[in-house]
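Participant: Let me begin by handing over the structure; questions about it come next.
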Amino acid sequence: MIHRLLIFIFTFALSVSFIEAKSKQDTFCIGKKSFLLNGKPFVIKAAELHYPRIPRPYWEHRIKMCKSLGMNAICLYVFWNIHEQKEGVFDFTGQNDVAEFCRLAHKHGMYVIVRPGPYVCAEWEMGGLPWWLLKKKDIRLREQDPYFMERVRLFENEVGRQLASLTITKGGPIIMVQVENEYGSYGEDKAYVSAIRDIVKGAFADSNNVIEPSKRANVAEEDNSSLVLFQCDWASNFTKNALDDLVWTMNFGTGAKIDKQFEKLKSIRPDAPLMCSEYWSGWFDKWGARHETRPAADMVAGIDEMLSKGISFSLYMTHGGTSFGHWAGANSPGFAPDVTSYDYDAPINEYGIPTDKFFLLRSTLQKYSDKKLPDIPRCPLPLISTPKIMLDRILTLNDFFTNEKVSHNILTMEDMDVGWGMMEYSAILPDIPVSSILTVNECHDYGLVFINGKRVGRISRVNKESSVTLPQVNKGDTLTILVEAMGRINFGRAIKDYKGITKSVSITAHIDDNMVTWTLYNWRHRAISDDYNDIIKCMNHPVSSSNKGRIQSNGGYYRASFSLKRIGDTFVNMEAFGKGQVWINGHAIGRYWSIGPQQTLYVPGCWLKKGVNEIIVLDIEGPDGNPTVHFTDTPELNKLNVVKTERHDNPADRPQLTSLTPAASSSFNPGNGWQKVDFISPQKGRYIALECLSTHAGDNVSVAELYVLDNQGKRYAREQWKVRYADSENISGNNTGEKAFDLQESTYWQTKKGASFPHMIVIDLGMECEMKGMEYLPRAEDGAPGSVKEFRIYCF
């Protein structure tokens with residue numbers, strides 16, 4: 001009896017102790033010069049992961065990989081447009097179950113930092129904003145447009161329903177929530193940022209009494225019931241929209257001078273904790289440009305320095321993953337669509353394998369851990385390969401469209417209520433007895449031009465091609481333009497990116513010594529969806545078209561079945577095809593384009609099956625030879641097949657400046673940070689030339705960013721800028737001329753090593769401008785390598 005009583009007492013004591021332990025929740029808040037976890041200083045070592053870029057069956061593996069690397073938190077964006085693909089229809093299930101992703105992080109002892117936008121950038125379609133916002137033509141994105149703000153509120157409330165119960169204040173893993181994203185790179189509007197803050201606070205309900213670091217920076221103990229809200233920006237622009245009641249964090253990349261990045265923040269808030277909320281491990285790839293990499297030693301050195309100084313960080317990306325389907329975005333200025341792979345040269349590569357960066361970083365993070373790091377988990381599946389597989393064309397480009405409309409004026413895809421895919425435009429031509437020039441204003445993004453079904457040319461927004469020479473045509477002939485939409489621009493003011501033909505189509509010709517222009521009207525529009533379910537429906541009920549404008553092309557939809565004895569991760573090689581998309585077993589794998597640099601697409605083994613599998617390929621160009629693919633165990637991300645040179649050193653484009661008076665002639669100061677040049681007098685012109693006569697260290701020239709100032713001293717927008725001439729560019733390092741104005745402070749134009757001075761870059765501003773000065777930013781690394789010393793500036 002006594003024995004049973006003792007067992008009961010012991011069991012009861014254990015139960016009470018367990019209940020007490022469960023009821024004791026963690027706390028996270030702001031202390032003096034430090035974050036505080038459970039009242040003790042805490043350095044955040046966060047790994048950026050994006051749940052839509054990782055197949056759900058692999059979520060847990062990738063989280064465990066980050067844990068074994070030495071991270072203590074997961075940082076993630078919430079992508080509005082993947083959760084609300086149709087207005088008012090929210091989806092947080094399956095692959096979109098962000099709450100489950102957070103719970104898995106919690107399961108493995110990882111805290112979570114949530115960045116719910118509404119804008120996220122992330123090289124993602126439209127920066128995470130839904131395409132259907134553009135159906136309201138006069139909408140002002142990322143401003144206090146009533147419709148935009150109402151839709152933001154509805155979305156963030158849905159995010160709150162999913163995640164508010166998972167905040168640390170309620171026993172969950174979420175320790176911080178971000179307000180907007182890098183708004184200083186978009187504009188200056190504290191009222192808007194404040195409104196977004198209030199929406200986010202409301203979405204997370206009564207757990208969001210915001211920590212006010214400006215008032216509490218010297219207090220060791222904080223209100224532990226508060227959820228920490230923060231905003232991120234660059235060191236050069238964070239004060240534009242900085243709110244007093246938010247934590248401020250900096251974003252910068254590998255090689256940046258750490259102390260310089262936090263210099264201004266420390267002067268304003270000397271007792272605030274320091275954090276790099278995006279420390280860029282690598283960079284993203286663009287179609288038609290070389291694969292981007294960053295040195296592992298430089299990346300790890302920066303993290304080592306931050307940790308030695310008690311600075312928190314989030315490594316963007318720790319594992320990049322894949323922008324499956326149509327979700328890869330495009331960058332600006334100009335139009336530079338991103339490839340499907342989001343490998344990012346990250347420590348954990350696209351398919352979950354640790355790289356040299358991983359092991360070097362793991363060794364460093366072990367120094368800052370009082371426990372042995374967990375073992376590195378094995379990948380869920382092996383890598384596999386197959387022989388070549390022959391595909392059969394099952395649908396031509398004429399056989400598939402989802403809706404049709406005839407209109408006097410030309411319509412965009414958004415006008416047709418289509419978010420992604422293609423548009424076919426057809427119009428009847430007048431009699432033009434000579435060859436003529438067809439101009440499409442503007443084609444977004446890639447167009448094939450046909451006369452009576454015969455292809456006569458191509459239009460490419462990427463290559464800035466907007467016109468095609470037409471042969472002689474007769475009245476009644478049919479012009480057809482097939483336009484493929486690529487990712488919407490995800491950065492800068494150009495995110496309001498309509499698809500299809502967005503303005504007008506005209507034809508000009510010289511007839512009897514006169515220039516004659518026709519603007520075409522009365523268009524037939526046919527929308528072509530890239531949704532797998534629509535493709536399957538059309539396969540079963542193909543559309544027939546007998547008009548004489550029927551496209552004669554090898555393009556279309558190709559399909560094959562293939563058998564696997566075992567499943568594993570693999571890469572489908574698309575080098576036999578031209579341009580399009582791939583679906584395997586109903587999963588949208590992503591876009592391919594023969595120009596590279598990406599030639600293979602990652603196929604997760606969890607989406608394959610033993611036995612029979614299906615592959616469908618859309619190719620708008622048509623395959624080069626036999627329509628074959630094969631699966632390989634080795635990815636190809638760095639094979640560029642571009643006919644047009646990336647260089648801008650054509651001697652015919654070099655301006656003759658001897659007859660011009662410089663707008664400015666002086667020397668820049670050594671070191672990091674922005675520098676301003678005032679012109680001798682106001683200038684007017686379309687072009688500006690920076691002539692670099694020397695550098696401070698005598699090395700090759702590097703220019704991170706340039707801005708031209710108007711007569712009021714304000715910066716001109718740069719979306720329309722392009723390089724007219726650059727005498728020298730480090731092509732192998734992706735340091736081409738446009739990097740001097742690509743809105744990214746961590747990238748730069750660099751001349752070739754050993755090239756002789758002087759060096760010159762000439763920029764076409766896109767229109768005639770009145771100019772008062774220029775702003776120049778050298779590289780962010782310690783010592784500002786390649787910083788310009790003596791210079792001359794010309795405007796013409």
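Order determines the names: the first chain of the structure tokens is A, the second B, and so forth; residues in each chain are numbered 1 upward, and ligands are numbered 1 upward as they are shown.
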Go through region 547-699 of chain A and collect every residue that DSSP, computed from the backbone, puts in strand (DSSP E or B); the answer should be as a ChimeraX atom specification.
Facilitator: /A:556-564,569-573,579-584,587-593,600-603,611-619,628-632,664-667,675-692,695
Participant: Which neighbours of Lys464 (chain A) fall inside 10 Å, counting only C-alpha atoms, when residues of the same chain fewer than 6 positions from it are skipped, and could you give them as a PyMOL selection string?
Facilitator: chain A and resi 334-335+443+445
Participant: Of the candidates A:Pro627, A:Gly568, A:Gly282, A:Gly187, which shows the shortest atom-to-atom distance to Ala297 (chain A), using only C-alpha atoms?
Facilitator: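 Looking at the shortest contact to Ala297 (chain A), the residue is A:Gly282.
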Participant: Write out as a ChimeraX atom specification which residues come within 7 Å of region 449-455 of chain A when counting only C-alpha atoms, dropping same-chain ones fewer than 6 positions away.
Facilitator: /A:477-482,548-552
Participant: Could you check which of A:Ala235, A:Leu470, A:Ala485, A:Ile793 is closest to Ala780 (chain A), using only C-alpha atoms?
Facilitator: A:Ala235
Participant: Find the distance between CA of Arg488 (chain A) and CA of Ala427 (chain A) and write it in Å to one decimal.
Facilitator: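 So the answer is 26.3 Å.
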Participant: Show me a table, sorted first by chain and then by increasing residue number, of the residues of region 312-339 of chain A having an atom at most 9 Å from region 122-139 of chain A, each with its shortest atom pair and the distance in Å to one decimal, counting only C-alpha atoms and written as CSV.
Facilitator:
residue,atom,partner,partner_atom,distance
A:Ser323,CA,A:Trp124,CA,7.5
A:His326,CA,A:Glu125,CA,7.6
A:Trp327,CA,A:Glu125,CA,5.0
A:Ala328,CA,A:Trp124,CA,4.9
A:Gly329,CA,A:Glu125,CA,3.9
A:Ala330,CA,A:Glu123,CA,6.5
A:Asn331,CA,A:Glu123,CA,7.3
A:Pro337,CA,A:Glu123,CA,8.9
A:Asp338,CA,A:Glu123,CA,6.9
Participant: Hey, what's within 7 Å of Ile595 (chain A) if we count only C-alpha atoms and toss same-chain stuff fewer than 4 positions away? As a PDB file with N, CA and C atoms, in the first residue's frame, please?
Facilitator:
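Writing the result to result12.pdb gives the following:
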ATOM      1  N   TRP A 287      18.055  35.149 -67.185  1.00  0.00           N
ATOM      2  CA  TRP A 287      18.184  34.571 -68.514  1.00  0.00           C
ATOM      3  C   TRP A 287      19.097  35.449 -69.373  1.00  0.00           C
ATOM      4  N   GLY A 288      20.062  34.810 -70.002  1.00  0.00           N
ATOM      5  CA  GLY A 288      20.967  35.526 -70.891  1.00  0.00           C
ATOM      6  C   GLY A 288      22.186  36.113 -70.215  1.00  0.00           C
ATOM      7  N   LEU A 640      25.829  29.277 -71.149  1.00  0.00           N
ATOM      8  CA  LEU A 640      25.203  30.422 -71.801  1.00  0.00           C
ATOM      9  C   LEU A 640      25.298  30.270 -73.304  1.00  0.00           C
ATOM     10  N   ASN A 641      24.167  30.392 -73.992  1.00  0.00           N
ATOM     11  CA  ASN A 641      24.116  30.299 -75.453  1.00  0.00           C
ATOM     12  C   ASN A 641      23.501  31.569 -76.012  1.00  0.00           C
ATOM     13  N   VAL A 642      24.214  32.658 -75.911  1.00  0.00           N
ATOM     14  CA  VAL A 642      23.689  33.955 -76.348  1.00  0.00           C
ATOM     15  C   VAL A 642      24.445  34.405 -77.579  1.00  0.00           C
TER      16      VAL A 642
END
Participant: With only C-alpha atoms as the basis for distance, which of A:Ser281, A:Ser407, A:Asn711, A:Gln231 is at the shortest distance from Gly253 (chain A)?
Facilitator: A:Ser281
Participant: Neighbouring residues of Tyr351 (chain A) were defined as those with any atom within 10 Å, considering only C-alpha atoms; residues of the same chain fewer than 3 positions away were excluded. Please report them as an mmCIF file with N, CA, C and O atoms, in the first residue's frame.
Facilitator:
data_model
loop_
_atom_site.group_PDB
_atom_site.id
_atom_site.type_symbol
_atom_site.label_atom_id
_atom_site.label_comp_id
_atom_site.auth_asym_id
_atom_site.auth_seq_id
_atom_site.Cartn_x
_atom_site.Cartn_y
_atom_site.Cartn_z
ATOM 1 N N ILE A 54 10.331 24.983 -51.899
ATOM 2 C CA ILE A 54 10.757 23.672 -51.424
ATOM 3 C C ILE A 54 9.538 22.753 -51.463
ATOM 4 O O ILE A 54 8.497 23.088 -50.878
ATOM 5 N N TYR A 58 9.866 17.830 -48.463
ATOM 6 C CA TYR A 58 11.265 18.109 -48.121
ATOM 7 C C TYR A 58 11.415 19.235 -47.091
ATOM 8 O O TYR A 58 12.535 19.576 -46.704
ATOM 9 N N ARG A 62 15.023 20.240 -45.025
ATOM 10 C CA ARG A 62 15.727 21.510 -45.193
ATOM 11 C C ARG A 62 15.862 22.249 -43.856
ATOM 12 O O ARG A 62 16.893 22.883 -43.591
ATOM 13 N N HIS A 319 19.196 28.362 -48.077
ATOM 14 C CA HIS A 319 18.801 27.394 -49.114
ATOM 15 C C HIS A 319 17.782 28.087 -50.007
ATOM 16 O O HIS A 319 16.709 28.474 -49.543
ATOM 17 N N GLY A 320 18.136 28.303 -51.263
ATOM 18 C CA GLY A 320 17.266 29.065 -52.152
ATOM 19 C C GLY A 320 16.113 28.264 -52.718
ATOM 20 O O GLY A 320 14.986 28.734 -52.768
ATOM 21 N N GLY A 321 16.398 27.048 -53.175
ATOM 22 C CA GLY A 321 15.345 26.230 -53.759
ATOM 23 C C GLY A 321 15.039 26.595 -55.195
ATOM 24 O O GLY A 321 15.932 26.994 -55.955
ATOM 25 N N THR A 322 13.764 26.509 -55.574
ATOM 26 C CA THR A 322 13.358 26.622 -56.978
ATOM 27 C C THR A 322 12.093 27.458 -57.101
ATOM 28 O O THR A 322 11.148 27.282 -56.333
ATOM 29 N N SER A 341 15.750 28.277 -61.483
ATOM 30 C CA SER A 341 16.543 27.909 -60.310
ATOM 31 C C SER A 341 16.747 29.115 -59.408
ATOM 32 O O SER A 341 17.071 30.211 -59.878
ATOM 33 N N ASP A 343 18.956 28.713 -56.856
ATOM 34 C CA ASP A 343 20.082 28.131 -56.130
ATOM 35 C C ASP A 343 20.814 29.179 -55.306
ATOM 36 O O ASP A 343 21.243 28.926 -54.190
ATOM 37 N N ILE A 348 23.327 25.596 -48.830
ATOM 38 C CA ILE A 348 22.580 24.385 -49.181
ATOM 39 C C ILE A 348 22.065 24.594 -50.593
ATOM 40 O O ILE A 348 21.314 25.533 -50.847
ATOM 41 N N PRO A 354 24.632 19.863 -49.096
ATOM 42 C CA PRO A 354 25.565 20.844 -48.530
ATOM 43 C C PRO A 354 26.726 21.117 -49.486
ATOM 44 O O PRO A 354 27.259 20.198 -50.108
ATOM 45 N N CYS A 379 20.040 13.278 -47.386
ATOM 46 C CA CYS A 379 18.969 13.701 -48.295
ATOM 47 C C CYS A 379 17.909 12.611 -48.372
ATOM 48 O O CYS A 379 18.232 11.413 -48.308
ATOM 49 N N LEU A 383 20.134 10.782 -56.200
ATOM 50 C CA LEU A 383 20.046 11.374 -57.532
ATOM 51 C C LEU A 383 19.994 10.268 -58.567
ATOM 52 O O LEU A 383 20.701 9.256 -58.451
ATOM 53 N N ASP A 569 15.724 12.305 -56.789
ATOM 54 C CA ASP A 569 15.839 13.662 -57.329
ATOM 55 C C ASP A 569 16.605 13.611 -58.645
ATOM 56 O O ASP A 569 17.520 12.803 -58.831
ATOM 57 N N THR A 570 16.232 14.498 -59.561
ATOM 58 C CA THR A 570 16.873 14.480 -60.868
ATOM 59 C C THR A 570 16.707 15.846 -61.535
ATOM 60 O O THR A 570 16.094 16.756 -60.964
ATOM 61 N N PHE A 571 17.259 15.971 -62.734
ATOM 62 C CA PHE A 571 17.221 17.218 -63.488
ATOM 63 C C PHE A 571 16.879 16.888 -64.932
ATOM 64 O O PHE A 571 17.556 16.059 -65.554
ATOM 65 N N TYR A 602 15.264 21.349 -62.105
ATOM 66 C CA TYR A 602 15.228 20.429 -60.967
ATOM 67 C C TYR A 602 13.869 19.741 -60.877
ATOM 68 O O TYR A 602 12.827 20.392 -60.897
ATOM 69 N N VAL A 603 13.890 18.416 -60.768
ATOM 70 C CA VAL A 603 12.674 17.615 -60.612
ATOM 71 C C VAL A 603 12.773 16.875 -59.281
ATOM 72 O O VAL A 603 13.556 15.920 -59.151
ATOM 73 N N PRO A 604 12.022 17.278 -58.271
ATOM 74 C CA PRO A 604 12.087 16.590 -56.976
ATOM 75 C C PRO A 604 11.589 15.150 -57.084
ATOM 76 O O PRO A 604 10.544 14.879 -57.697
ATOM 77 N N PRO A 635 23.093 18.936 -62.414
ATOM 78 C CA PRO A 635 22.447 20.142 -62.955
ATOM 79 C C PRO A 635 23.398 20.928 -63.844
ATOM 80 O O PRO A 635 24.617 20.858 -63.687
#
Participant: Measure the distance from CA of Ile376 (chain A) to CA of Phe252 (chain A) in Å and round it to one decimal.
Facilitator: 28.0 Å
Participant: List as an mmCIF file with C-alpha atoms, in the first residue's frame the protein and nucleic acid residues near Pro273 (chain A), meaning an atom at most 8 Å away when only C-alpha atoms are counted, but skip any in the same chain fewer than 2 places from it.
Facilitator:
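Once written, result-v8.cif looks like this:
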data_model
loop_
_atom_site.group_PDB
_atom_site.id
_atom_site.type_symbol
_atom_site.label_atom_id
_atom_site.label_comp_id
_atom_site.auth_asym_id
_atom_site.auth_seq_id
_atom_site.Cartn_x
_atom_site.Cartn_y
_atom_site.Cartn_z
ATOM 1 C CA ILE A 30 14.542 44.213 -26.890
ATOM 2 C CA GLY A 31 17.216 44.952 -24.310
ATOM 3 C CA LYS A 32 20.177 47.286 -24.167
ATOM 4 C CA LYS A 33 22.286 46.575 -27.276
ATOM 5 C CA SER A 34 20.858 43.072 -27.483
ATOM 6 C CA PHE A 35 17.815 40.971 -28.166
ATOM 7 C CA ASP A 271 21.727 51.143 -27.454
ATOM 8 C CA MET A 275 20.968 42.824 -37.035
ATOM 9 C CA ILE A 311 25.459 41.184 -34.270
#
Participant: Rounded to one decimal, what separation in Å do you get between CA of Asp26 (chain A) and CA of Asn38 (chain A)?
Facilitator: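 The value is 5.7 Å.
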Participant: Smallest atom-to-atom distance to Thr517 (chain A): which of A:Ala576, A:Leu438, A:Ile489, A:Ile761, using only C-alpha atoms?
Facilitator: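 Among the listed residues, A:Leu438 lies closest to Thr517 (chain A).
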Participant: Within 6 Å of Glu781 (chain A), counting only C-alpha atoms, which residues qualify if same-chain residues fewer than 4 places away don't, as a list of chain:residue names?
Facilitator: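 My list of contacting residues is A:Gly255, A:Ala256, A:Lys257.
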Participant: Those same residues - N, CA and C atoms - I'd like them written as a compact mmCIF listing (two decimals), in the first residue's frame.
Facilitator:
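Result went into result06.txt, see below:
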# COMPACT_ATOMS: atom_id res chain seq x y z
N GLY A 255 31.00 40.50 -48.37
CA GLY A 255 32.08 41.42 -48.65
C GLY A 255 31.87 42.82 -48.13
N ALA A 256 30.65 43.16 -47.67
CA ALA A 256 30.38 44.51 -47.19
C ALA A 256 31.18 44.81 -45.92
N LYS A 257 31.54 46.07 -45.74
CA LYS A 257 32.24 46.50 -44.54
C LYS A 257 31.22 46.61 -43.41
